[in-house]
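J.: For reference, the file run.pdb (PDB, C-alpha atoms and all ligand atoms) is included below:
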ATOM      1  CA  MET Z  14      94.693  96.176  93.844
ATOM      2  CA  ARG Z  15      94.293  98.359  96.903
ATOM      3  CA  LEU Z  16      94.163 102.099  96.666
ATOM      4  CA  PRO Z  17      97.173 103.676  98.330
ATOM      5  CA  PHE Z  18      95.360 105.739 100.887
ATOM      6  CA  ARG Z  19      97.556 108.219 102.583
ATOM      7  CA  ILE Z  20      97.933 107.521 106.254
ATOM      8  CA  PHE Z  21      99.272 109.980 108.749
ATOM      9  CA  ARG Z  22      99.749 109.670 112.459
ATOM     10  CA  CYS Z  23      98.176 111.758 115.160
ATOM     11  CA  GLY Z  24     100.838 113.886 116.803
ATOM     12  CA  ALA Z  25      99.312 113.343 120.228
ATOM     13  CA  CYS Z  26      98.587 109.620 120.354
ATOM     14  CA  ASN Z  27     100.293 108.176 117.244
ATOM     15  CA  TYR Z  28      97.016 106.775 116.037
ATOM     16  CA  ASP Z  29      96.972 105.996 112.322
ATOM     17  CA  MET Z  30      94.463 108.151 110.517
ATOM     18  CA  ARG Z  31      93.327 108.364 106.961
ATOM     19  CA  TYR Z  32      94.301 111.423 105.024
ATOM     20  CA  GLY Z  33      91.596 114.078 104.994
ATOM     21  CA  THR Z  34      90.178 113.725 108.474
ATOM     22  CA  SER Z  35      89.849 116.853 110.575
ATOM     23  CA  THR Z  36      90.154 115.257 113.973
ATOM     24  CA  CYS Z  37      91.822 112.204 115.431
ATOM     25  CA  ARG Z  38      89.281 109.430 115.849
ATOM     26  CA  TYR Z  39      91.040 108.205 118.918
ATOM     27  CA  CYS Z  40      91.807 111.276 121.003
ATOM     28  CA  PHE Z  41      89.719 113.849 119.068
ATOM     29  CA  LYS Z  42      92.631 116.226 118.808
ATOM     30  CA  GLU Z  43      92.445 118.454 115.756
ATOM     31  CA  THR Z  44      94.857 117.537 113.020
ATOM     32  CA  PRO Z  45      97.125 119.976 111.202
ATOM     33  CA  LEU Z  46      95.337 121.856 108.430
ATOM     34  CA  ARG Z  47      97.381 120.222 105.676
ATOM     35  CA  ASN Z  48      96.001 116.843 106.682
ATOM     36  CA  ARG Z  49      92.464 117.988 106.093
ATOM     37  CA  LEU Z  50      92.977 119.046 102.538
ATOM     38  CA  TRP Z  51      92.105 116.523  99.870
ATOM     39  CA  MET Z  52      93.648 118.650  97.174
ATOM     40  CA  PRO Z  53      97.245 117.311  97.143
ATOM     41  CA  PRO Z  54      96.271 113.661  96.484
ATOM     42  CA  LEU Z  55      93.501 114.816  94.159
ATOM     43  CA  VAL Z  56      95.869 116.965  92.123
ATOM     44  CA  ALA Z  57      98.431 114.174  92.088
ATOM     45  CA  ALA Z  58      95.822 111.695  90.835
ATOM     46  CA  MET Z  59      94.733 114.108  88.128
ATOM     47  CA  ALA Z  60      98.331 114.702  87.080
ATOM     48  CA  ILE Z  61      98.941 110.959  86.865
ATOM     49  CA  GLY Z  62      95.758 110.530  84.853
ATOM     50  CA  LEU Z  63      96.832 113.279  82.496
ATOM     51  CA  VAL Z  64     100.263 111.705  81.995
ATOM     52  CA  MET Z  65      98.672 108.320  81.334
ATOM     53  CA  ALA Z  66      96.279 109.856  78.814
ATOM     54  CA  VAL Z  67      99.078 111.625  76.955
ATOM     55  CA  ALA Z  68     101.539 108.738  77.025
TER      56      ALA Z  68
HETATM   57 ZN    ZN Q   1      95.134 111.239 118.457
END
Taking this structure as input, can you express it in the form of structure tokens?

T.:
Amino acid sequence: MRLPFRIFRCGACNYDMRYGTSTCRYCFKETPLRNRLWMPPLVAAMAIGLVMAVA
């Protein structure tokens, strides 16, 4: 089973990037701040884990 890594595209060159990177690996343009934060997927994973533990 593969982990569902979040992928987002660079706004400048449409290059697929993994969630959490600060710059595009292809054109080195800085990504939006929200793409650099690991917190959303981390919080989501923790919430899912909590639900699984309770249920
Ligand atoms: Zn790019």

J.: Give the residues close to ligand ZN 1 (chain Q), within 8 Å, counting all atoms listed in the file; write them as a list in words.

T.: Arg22, Cys23, Gly24, Ala25, Cys26, Asn27, Tyr28, Thr36, Cys37, Arg38, Tyr39, Cys40, Phe41 and Lys42 of chain Z

J.: What is the CA of Ala58 (chain Z)-CA of Ile20 (chain Z) distance in Å, reported with one decimal?

T.: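 Separation of CA of Ala58 (chain Z) and CA of Ile20 (chain Z): 16.1 Å.
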
J.: As an exercise, work out the distance from CA of Ile61 (chain Z) to CA of Gly33 (chain Z) in Å and give it to one decimal place.

T.: 19.8 Å
